[in-house]
Amino acid sequence: MTAPATIRPRRSVLYMPGSNARALDKARTLDVDALILDLEDAVAPDAKETGREQIREALAQGGYGHREVVIRINGLSTPWGAADLDMAIGARPDAILLPKVSSPADLERVAHKLNAARVPGSVRLWAMMETPLAMLNAAAIAAAAANPETRLSCFVMGTNDLAKETRAALVPGRAPMRPWLMTCVAAARAYGIDIVDGVYNTLDDEAGFAAECREGAEMGMDGKTLIHPKQVAPCNAAFTPAEADIAWARRIIAEFEKPENGSKGAIQVEGRMVERLHAEMGARLVAIADAIASRNA
Ligand SMILES: CC(C)(COP(=O)(O)OP(=O)(O)OC[C@H]1O[C@@H](n2cnc3c(N)ncnc32)[C@H](O)[C@@H]1OP(=O)(O)O)[C@@H](O)C(=O)NCCC(=O)NCCSC(=O)C[C@H](O)C(=O)O
Ligand SMILES: [Mg+2]
C-alpha cells in the first residue's frame with residue numbers, strides 16, 4: 001500500500017506576537033511542529049514596525065530546526081500589509097499566512113507578488129478562514145490550490161474572528177461553528193491541502209482544551225493553533241496517532257499484502273470487515289506516525 005508522497009506533521013501550530021522578542025527566542029526550544037510569527041492581531045498598531053524588524057532578525061538568525069516557520073502578515077488593504085509582505089518575501093519563511101481571506105482573489109494577489117519577486121515555490125501560502133464570506137466561499141478558496149501558482153497549502157481556522165463577524169457563540173463543543181468547521185475540512189480535503197483548528201483562549205482550562213483538541217482531531221483537522229507553550233504537549237498528544245491505531249493500520253496493510261488477498265476488495269480481520277480504503281487510511285496514519293517519529297529521532 002503506497003503512502004502519500006509528502007507528509008509534514010502539523011499537530012501543534014503556535015502563534016506568537018512578532019513584537020515579543022522573548023517568545024520568538026523561546027520558540028526555538030519548544031516541541032511544536034509549526035510557529036506562526038504574528039504581525040496581525042497579536043501586535044498593536046504602534047508595535048507593528050518593531051514586530052516586523054524582530055521577525056526579520058529572528059529568521060536571519062535561524063535556529064528553528066524542524067519547526068515550520070510561518071509569518072502572518074497584515075491584510076494588504078491595511079496600512080502595514082505591503083511592508084509586511086516585503087519583509088516576508090526577503091525573510092523566506094516556510095509559508096506566509098494571509099488573514100481574513102474571503103475569496104481566491106485575495107490569495108492570488110499575494111501569490112502574484114511572490115511570483116513576480118521570483119520567490120521559490122517552497123515558500124507556501126496559508127489562508128486564515130475567519131470571515132463569513134470565507135465560509136460561503138470555502139470550496140472556491142481551497143480550489144485555488146489546484147493552480148500551483150497560488151502556492152496554497154493550508155487553511156487555518158480563525159474562530160475568534162469568526163465569532164466576532166458572525167456573532168455565533170464560542171461555546172464548549174462549538175455546536176454553532178461545527179457546520180463551518182466541517183465545510184472547511186471538506187473543502188481542504190477536496191483540494192488536498194491541510195487544515196488546522198482555531199485557538200482555545202482559556203489558558204487555565206486544561207480539561208476544556210484537551211476536549212477541544214480531541215474534537216478537532218475527530219473532525220479530521222491536521223492539528224490545532226495554539227497561543228501558549230503550555231498548550232503544546234497536550235495538543236501533540238491529541239493529534240499523534242495512538243499506538244493501538246498504528247498497530248491496527250499495519251495489520252490491515254499486511255493482510256492485504258498477503259498473496260491470498262491479492263484479488264480481494266474486502267476481507268475479515270479480527271472479526272471486522274475491512275476494505276482496501278481502510279488500508280489506504282492506514283497507510284496515511286503510518287506515514288504520519290513515521291514522520292513524527294523521524295522528527296523526534
Ligand atoms: C497570552 C499571552 C499574552 C500570555 O503571556 P504571558 O503572560 O507572558 O504568559 P506566561 O507568563 O505564562 O509565559 C510563560 C513563558 O512562556 C513564554 N510565552 C508565552 N506565550 C508564548 C507564545 N505564544 N510563544 C512563545 N513563548 C510564549 C513567555 O515569554 C514566558 O517565557 P519565559 O520568560 O521564558 O518564562 C501570551 O501567551 C501570548 O501572547 N500568546 C499569543 C497570543 C497571540 O499570538 N494571539 C494571536 C493569535 S490568536 C488569533 O488571533 C487567531 C485567529 O486569528 C482568530 O481570529 O481566531
Ligand atoms: Mg483572526
# chains A, B, ... in the order shown; residues from 1 in each chain; ligands from 1
>>> residues_near_ligand(ligand="ligand 1", cutoff="9 Å", atoms="only C-alpha atoms and all ligand atoms", output="PyMOL selection string")
chain A and resi 14-18+20-28+30+35-43+99-100+128-131+156-164+198-201+203+225-230
>>> atom_distance(atom1="atom CA of A:Glu68", atom2="atom CA of A:Asp94")
6.0 Å
>>> residues_around(residues="A:Ile96", least_positions_apart="3", cutoff="7 Å", atoms="only C-alpha atoms", output="list in words")
Val70, Ile71, Arg72, Pro93, Arg124, Leu125 and Trp126 of chain A
>>> write_last_selection(atoms="N, CA and C atoms", output="mmCIF file, in the first residue's frame")
data_model
loop_
_atom_site.group_PDB
_atom_site.id
_atom_site.type_symbol
_atom_site.label_atom_id
_atom_site.label_comp_id
_atom_site.auth_asym_id
_atom_site.auth_seq_id
_atom_site.Cartn_x
_atom_site.Cartn_y
_atom_site.Cartn_z
ATOM 1 N N VAL A 70 6.141 30.203 9.898
ATOM 2 C CA VAL A 70 5.120 30.880 9.098
ATOM 3 C C VAL A 70 5.011 32.323 9.592
ATOM 4 N N ILE A 71 4.970 33.268 8.670
ATOM 5 C CA ILE A 71 4.775 34.671 9.074
ATOM 6 C C ILE A 71 3.345 35.070 8.746
ATOM 7 N N ARG A 72 2.605 35.543 9.779
ATOM 8 C CA ARG A 72 1.267 36.079 9.484
ATOM 9 C C ARG A 72 1.390 37.579 9.259
ATOM 10 N N PRO A 93 10.298 32.608 4.773
ATOM 11 C CA PRO A 93 9.799 31.614 5.739
ATOM 12 C C PRO A 93 9.299 30.374 4.976
ATOM 13 N N ARG A 124 5.284 28.719 0.810
ATOM 14 C CA ARG A 124 3.876 28.428 0.551
ATOM 15 C C ARG A 124 2.980 29.545 1.069
ATOM 16 N N LEU A 125 1.718 29.491 0.696
ATOM 17 C CA LEU A 125 0.723 30.424 1.237
ATOM 18 C C LEU A 125 -0.255 29.645 2.109
ATOM 19 N N TRP A 126 -0.543 30.188 3.282
ATOM 20 C CA TRP A 126 -1.591 29.633 4.134
ATOM 21 C C TRP A 126 -2.706 30.684 4.223
#
>>> residues_around(residues="A:Leu285", least_positions_apart="4", cutoff="9 Å", atoms="only C-alpha atoms", output="count of residues only")
9
>>> residues_around(residues="A:Ala140", least_positions_apart="4", cutoff="9 Å", atoms="only C-alpha atoms", output="list in words")
Ser103, Pro104, Leu136, Ala144 and Ala187 of chain A
>>> write_last_selection(atoms="C-alpha atoms", output="PDB file, in the first residue's frame")
ATOM      1  CA  SER A 103     -12.099  34.847  -1.886  1.00  0.00           C
ATOM      2  CA  PRO A 104      -9.497  33.205  -4.151  1.00  0.00           C
ATOM      3  CA  LEU A 136     -19.510  30.688   1.976  1.00  0.00           C
ATOM      4  CA  ALA A 144      -7.022  27.806  -5.680  1.00  0.00           C
ATOM      5  CA  ALA A 187     -13.001  21.930   1.152  1.00  0.00           C
TER       6      ALA A 187
END
>>> atom_distance(atom1="atom CA of A:Arg92", atom2="atom CA of A:Ala60")
9.3 Å
>>> closest_residue(among="A:Gly75, A:Pro9, A:Gly173, A:Gly90", to="ligand 2", atoms="only C-alpha atoms and all ligand atoms")
A:Gly75
>>> closest_residue(among="A:Arg272, A:Leu97, A:Arg56, A:Asn296", to="ligand 2", atoms="only C-alpha atoms and all ligand atoms")
A:Leu97
>>> select_by_dssp(residues="stretch 66-241 of chain A", states="helix (DSSP H, G or I)", output="PyMOL selection string")
chain A and resi 81-91+104-116+132-136+138-146+148-150+159-166+175-190+206-219+229-239
>>> write_last_selection(atoms="C-alpha atoms", output="tab-separated table (two decimals), in the first residue's frame")
chain	number	residue	atom	x	y	z
A	81	GLY	CA	0.30	44.79	4.75
A	82	ALA	CA	2.62	45.86	1.92
A	83	ALA	CA	5.65	46.36	4.19
A	84	ASP	CA	4.91	43.07	5.99
A	85	LEU	CA	4.80	41.24	2.66
A	86	ASP	CA	8.06	42.84	1.51
A	87	MET	CA	9.73	41.71	4.72
A	88	ALA	CA	8.28	38.19	4.40
A	89	ILE	CA	9.47	37.97	0.78
A	90	GLY	CA	13.00	38.75	1.93
A	91	ALA	CA	12.87	36.53	5.01
A	104	PRO	CA	-9.50	33.20	-4.15
A	105	ALA	CA	-8.62	36.69	-5.44
A	106	ASP	CA	-7.20	37.60	-2.00
A	107	LEU	CA	-4.71	34.74	-2.32
A	108	GLU	CA	-3.98	35.39	-5.97
A	109	ARG	CA	-2.92	38.98	-5.22
A	110	VAL	CA	-0.28	37.81	-2.75
A	111	ALA	CA	0.80	34.87	-4.93
A	112	HIS	CA	1.25	37.25	-7.86
A	113	LYS	CA	3.67	39.37	-5.80
A	114	LEU	CA	5.62	36.29	-4.68
A	115	ASN	CA	5.87	35.02	-8.24
A	116	ALA	CA	6.88	38.45	-9.58
A	132	PRO	CA	-18.45	34.88	6.89
A	133	LEU	CA	-17.57	35.13	3.19
A	134	ALA	CA	-14.74	32.63	3.64
A	135	MET	CA	-17.27	30.13	4.99
A	136	LEU	CA	-19.51	30.69	1.98
A	138	ALA	CA	-14.55	27.76	1.24
A	139	ALA	CA	-14.60	25.41	-1.75
A	140	ALA	CA	-13.61	28.14	-4.21
A	141	ILE	CA	-10.77	29.27	-1.93
A	142	ALA	CA	-9.47	25.71	-1.49
A	143	ALA	CA	-9.75	25.18	-5.25
A	144	ALA	CA	-7.02	27.81	-5.68
A	145	ALA	CA	-4.64	25.03	-4.60
A	146	ALA	CA	-5.29	23.28	-7.91
A	148	PRO	CA	0.38	25.61	-8.28
A	149	GLU	CA	0.98	29.32	-8.94
A	150	THR	CA	-1.13	30.20	-5.88
A	159	THR	CA	-12.59	31.04	15.30
A	160	ASN	CA	-12.19	34.28	17.26
A	161	ASP	CA	-12.78	36.46	14.21
A	162	LEU	CA	-15.48	34.11	13.04
A	163	ALA	CA	-17.29	34.54	16.36
A	164	LYS	CA	-16.92	38.32	16.09
A	165	GLU	CA	-18.10	38.58	12.49
A	166	THR	CA	-20.98	36.10	12.63
A	175	ALA	CA	-22.14	23.48	18.04
A	176	PRO	CA	-22.78	26.84	16.30
A	177	MET	CA	-19.47	26.60	14.42
A	178	ARG	CA	-19.45	22.92	13.50
A	179	PRO	CA	-21.07	23.35	10.08
A	180	TRP	CA	-18.37	25.87	9.11
A	181	LEU	CA	-15.54	23.84	10.59
A	182	MET	CA	-16.65	20.74	8.70
A	183	THR	CA	-17.27	22.68	5.49
A	184	CYS	CA	-13.67	23.89	5.66
A	185	VAL	CA	-12.39	20.37	6.39
A	186	ALA	CA	-14.29	19.07	3.33
A	187	ALA	CA	-13.00	21.93	1.15
A	188	ALA	CA	-9.42	21.34	2.29
A	189	ARG	CA	-9.64	17.60	1.64
A	190	ALA	CA	-11.29	18.09	-1.74
A	206	GLU	CA	-6.87	22.15	30.77
A	207	ALA	CA	-9.86	19.82	30.51
A	208	GLY	CA	-11.68	22.11	28.11
A	209	PHE	CA	-8.56	22.48	25.99
A	210	ALA	CA	-7.98	18.71	25.84
A	211	ALA	CA	-11.62	18.18	24.85
A	212	GLU	CA	-11.37	20.72	22.04
A	213	CYS	CA	-8.13	19.13	20.77
A	214	ARG	CA	-9.90	15.75	20.65
A	215	GLU	CA	-12.86	17.35	18.91
A	216	GLY	CA	-10.59	18.84	16.23
A	217	ALA	CA	-8.83	15.51	15.70
A	218	GLU	CA	-12.19	13.75	15.35
A	219	MET	CA	-13.32	16.35	12.82
A	229	PRO	CA	3.67	26.94	25.32
A	230	LYS	CA	1.69	25.03	27.94
A	231	GLN	CA	-0.82	24.01	25.25
A	232	VAL	CA	1.85	22.28	23.13
A	233	ALA	CA	2.22	18.90	24.87
A	234	PRO	CA	-1.49	18.09	25.24
A	235	CYS	CA	-2.09	19.19	21.66
A	236	ASN	CA	0.72	16.99	20.29
A	237	ALA	CA	-0.70	14.10	22.29
A	238	ALA	CA	-4.20	14.56	20.87
A	239	PHE	CA	-3.03	14.69	17.25
>>> closest_residue(among="A:Met273, A:Leu98, A:Ile7, A:Val119", to="ligand 2", atoms="only C-alpha atoms and all ligand atoms")
A:Leu98
>>> closest_residue(among="A:Thr6, A:Arg118, A:Ile73, A:Glu53", to="ligand 2", atoms="only C-alpha atoms and all ligand atoms")
A:Ile73
